[in-house]
Amino acid sequence: VPRKRRVFRIERRIWAMRILHHSGWHAAVALVALLSGACGQRDEPRVTVPDSDTARGRHLLHSYGCGTCHIIPGVSGANGQVARPLHGIADRGYIAGVLPNTPDAMIDWLVDPPAFATRTMMPNVGATRADARDMAAYLYTLRAEPRTARSVRGFIERFTGAHVVPLPPEVEP
Amino acid sequence: VIGGRWWTRRRPVTTLAVVLLLLLTLAVSPIVFAYSGIYDVAATRQHTPAVYWVLITTLRQSITRHAAREAPAPPADLGDAGRVALGRMLFDEHCAACHGAPGIAPRAMGLGLTPAPPNLVTRSRDLAERDLFWVIANGIKMTGMPSWRYVFNDHEIWSLVTFLKVMPTLAPVEYAPAGTPQGEHPAVTAPQVTMAMLKSRGDAARGRTALRQYACHTCHEIPGVTGADAITGPSLRALGRRMYLAGGLLNTPDNLVQFVRAPRIVEPRTAMPDLAVSEQDAIDMAAYLYTLR
């Protein structure tokens with residue numbers, strides 16, 4: 001890449017970050033939230049888990065310490081940096097890449113992860129099936145952004161080099 | 001000329017001439033554009049985000065509108081076990097070659113297409129049954145999707161729709177048991193891949209193109225790759241910052257290349273298929289993925 005163009009790219013990025021800094025991150029987040037709202041109803045869980053208590057599930061995610069490894073939207077203190085953030089878990093195709101994303105499979109997985117994936121770092125936390133059922137109910141409320149919002153977020157992130165949805169801190173691979 | 005309305009004023013001929021010239025330019029420019037050959041039709045060249053948005057939005061809206069008007073109502077026995085079995089047979093024979101299946105890669109003919117045939121695990125889960133019927137029956141213009149109306153009868157198409165709704169609830173290991181033959185390449189690589197090696201041997205720009213040619217973007221969100229907004233697999237954003245890959249592999253260049261080349265050796269139950277990625281291509285992909293921070 002020619003030097004002039006490289007300098008331009010860096011300058012563009014610095015300016016974008018300045019603008020975002022001054023207008024506040026809230027603007028970017030609000031934009032994505034607005035688009036999510038505009039592009040479809042996403043406040044309903046993708047599937048309902050029968051005989052479950054969503055609010056209890058949210059507390060259980062906190063008390064089983066899931067937040068030490070995962071970022072979980074809506075769960076206080078859940079900002080773990082080890083495993084994947086759980087944004088949009090309700091809509092993903094697979095659980096941990098090995099199980100289909102259905103309520104039954106989700107409950108099985110939460111009860112005993114190492115039984116399903118040989119390499120997983122996720123431990124068996126000793127959750128009962130009833131507890132897992134409630135936790136699954138909460139996880140199915142964490143919907144993915146609609147496509148357009150996802151594309152716009154991707155574009156903002158790529159252009160500015162900053163992340164709209166929080167991510168783990170820098171580690172050198 | 002003083003007074004009078006705008007349209008009653010006398011004006012010089014030049015205004016009219018300019019307007020006519022503009023209209024003529026507007027009419028002629030598409031013809032000039034088409035004849036000039038400026039537009040690059042190479043499938044390796046990705047669309048710009050704006051063009052992609054226009055194309056994909058047209059496609060989605062068209063499917064919804066036309067399916068609502070033209071597709072028949074689903075039959076009463078849609079969820080029948082017999083239909084699932086028939087649907088799976090037809091899917092394996094006619095669809096999996098391009099779309100892939102849980103844990104199974106598309107065959108060579110399904111790779112390297114623009115637009116790439118989507119992975120159907122989340123796509124068919126989220127589409128309405130009548131939309132699926134309409135797409136299978138009529139095909140989609142300017143994509144690789146053929147119309148199947150003259151090949152299958154309605155019973156067979158509805159059976160396919162039934163199976164497409166069941167497929168997202170199947171574990172990859174149920175669909176493709178471990179040991180299912182998948183291409184023929186020797187299990188992975190002699191040299192230890194390091195960050196220094198990615199810098200010297202890897203080509204990030206080539207890797208970004210390779211990610212599309214191997215259809216990675218049909219399952220993963222990949223920043224910088226147009227159309228990579230799928231949610232079947234995990235997002236690859238900020239891959240360079242992650243601590244682990246595939247649930248429990250330390251995030252090192254060597255592990256990444258190993259997992260890309262032989263996912264089922266690393267994790268036998270994974271939904272990620274073996275795409276027979278060559279060593280150089282895997283190194284290029286890794287070089288690109290580590291630019292995502």
# chains A, B, ... in the order shown; residues from 1 in each chain; ligands from 1
$ interface_residues --of "chain B" --to "chain A" --cutoff "6 Å" --atoms "only C-alpha atoms" --output "list in words"
Thr122, Thr169, Leu170, Ala171, Ile231, Thr232, Arg241, Gly247, Gly248, Asn251, Thr252, Arg269, Thr270 and Ala271 of chain B
$ write_last_selection --atoms "N, CA and C atoms" --output "PDB file, in the first residue's frame"
ATOM      1  N   THR B 122     -29.863 -22.433   9.795  1.00  0.00           N
ATOM      2  CA  THR B 122     -30.616 -21.310  10.358  1.00  0.00           C
ATOM      3  C   THR B 122     -31.555 -20.697   9.318  1.00  0.00           C
ATOM      4  N   THR B 169     -32.784 -29.374  14.003  1.00  0.00           N
ATOM      5  CA  THR B 169     -32.874 -29.998  15.320  1.00  0.00           C
ATOM      6  C   THR B 169     -32.017 -31.256  15.418  1.00  0.00           C
ATOM      7  N   LEU B 170     -31.235 -31.541  14.370  1.00  0.00           N
ATOM      8  CA  LEU B 170     -30.382 -32.732  14.384  1.00  0.00           C
ATOM      9  C   LEU B 170     -28.961 -32.354  14.778  1.00  0.00           C
ATOM     10  N   ALA B 171     -28.357 -33.163  15.672  1.00  0.00           N
ATOM     11  CA  ALA B 171     -26.950 -32.947  15.999  1.00  0.00           C
ATOM     12  C   ALA B 171     -26.118 -33.356  14.792  1.00  0.00           C
ATOM     13  N   ILE B 231     -25.563 -16.864  10.913  1.00  0.00           N
ATOM     14  CA  ILE B 231     -25.464 -17.157  12.339  1.00  0.00           C
ATOM     15  C   ILE B 231     -25.485 -18.657  12.610  1.00  0.00           C
ATOM     16  N   THR B 232     -25.233 -19.466  11.580  1.00  0.00           N
ATOM     17  CA  THR B 232     -25.177 -20.907  11.821  1.00  0.00           C
ATOM     18  C   THR B 232     -23.990 -21.254  12.707  1.00  0.00           C
ATOM     19  N   ARG B 241      -8.434 -11.714  19.180  1.00  0.00           N
ATOM     20  CA  ARG B 241      -8.417 -11.428  20.611  1.00  0.00           C
ATOM     21  C   ARG B 241      -8.867 -12.597  21.456  1.00  0.00           C
ATOM     22  N   GLY B 247     -14.086 -23.992  21.423  1.00  0.00           N
ATOM     23  CA  GLY B 247     -14.485 -24.377  22.774  1.00  0.00           C
ATOM     24  C   GLY B 247     -13.339 -24.671  23.721  1.00  0.00           C
ATOM     25  N   GLY B 248     -12.218 -25.184  23.234  1.00  0.00           N
ATOM     26  CA  GLY B 248     -11.175 -25.544  24.183  1.00  0.00           C
ATOM     27  C   GLY B 248      -9.769 -25.630  23.624  1.00  0.00           C
ATOM     28  N   ASN B 251      -5.892 -20.384  21.478  1.00  0.00           N
ATOM     29  CA  ASN B 251      -5.903 -19.634  20.221  1.00  0.00           C
ATOM     30  C   ASN B 251      -4.482 -19.341  19.739  1.00  0.00           C
ATOM     31  N   THR B 252      -3.880 -20.325  19.072  1.00  0.00           N
ATOM     32  CA  THR B 252      -2.566 -20.117  18.465  1.00  0.00           C
ATOM     33  C   THR B 252      -2.706 -20.325  16.965  1.00  0.00           C
ATOM     34  N   ARG B 269     -17.291 -34.283  17.117  1.00  0.00           N
ATOM     35  CA  ARG B 269     -18.724 -34.036  16.993  1.00  0.00           C
ATOM     36  C   ARG B 269     -19.061 -32.693  16.371  1.00  0.00           C
ATOM     37  N   THR B 270     -18.069 -31.951  15.907  1.00  0.00           N
ATOM     38  CA  THR B 270     -18.328 -30.580  15.497  1.00  0.00           C
ATOM     39  C   THR B 270     -19.190 -30.497  14.238  1.00  0.00           C
ATOM     40  N   ALA B 271     -19.958 -29.395  14.148  1.00  0.00           N
ATOM     41  CA  ALA B 271     -20.758 -29.135  12.953  1.00  0.00           C
ATOM     42  C   ALA B 271     -19.891 -28.601  11.820  1.00  0.00           C
TER      43      ALA B 271
END
$ residues_around --residues "Thr128 in chain A" --least-positions-apart "3" --cutoff "7 Å" --atoms "only C-alpha atoms" --output "PDB file with N, CA and C atoms, in the first residue's frame"
ATOM      1  N   VAL A 111     -26.549 -29.109  31.825  1.00  0.00           N
ATOM      2  CA  VAL A 111     -26.392 -30.057  32.926  1.00  0.00           C
ATOM      3  C   VAL A 111     -24.997 -30.684  32.902  1.00  0.00           C
ATOM      4  N   ASP A 131     -33.095 -26.449  37.162  1.00  0.00           N
ATOM      5  CA  ASP A 131     -32.347 -25.195  37.072  1.00  0.00           C
ATOM      6  C   ASP A 131     -31.928 -24.934  35.619  1.00  0.00           C
ATOM      7  N   ALA A 132     -31.454 -25.983  34.960  1.00  0.00           N
ATOM      8  CA  ALA A 132     -31.007 -25.838  33.566  1.00  0.00           C
ATOM      9  C   ALA A 132     -32.159 -25.384  32.676  1.00  0.00           C
TER      10      ALA A 132
END
$ residues_around --residues "Ser52 in chain A" --least-positions-apart "4" --cutoff "9 Å" --atoms "only C-alpha atoms" --output "list in words"
Thr48, Arg56, Gly57, Ala130, Asp131, Arg133, Asp134, Met135, Ala136 and Ala137 of chain A
$ atom_distance --atom1 "CA of Cys69 in chain A" --atom2 "CA of Ala246 in chain B"
15.1 Å
$ residues_around --residues "range 72-84 of chain B" --least-positions-apart "3" --cutoff "7 Å" --atoms "only C-alpha atoms" --output "PyMOL selection string"
chain B and resi 87-88+130+159+162-163
$ select_by_dssp --residues "range 46-250 of chain B" --states "helix (DSSP H, G or I)" --output "number ranges by chain"
B: 49-70, 81-99, 108-110, 120-126, 129-138, 154-169, 172-175, 195-201, 204-213, 216-218, 239-241
$ residues_around --residues "Ala210 in chain B" --least-positions-apart "4" --cutoff "9 Å" --atoms "only C-alpha atoms" --output "MDAnalysis selection string"
chainID B and resid 44 112 205:206 214:216 281:282 284:285
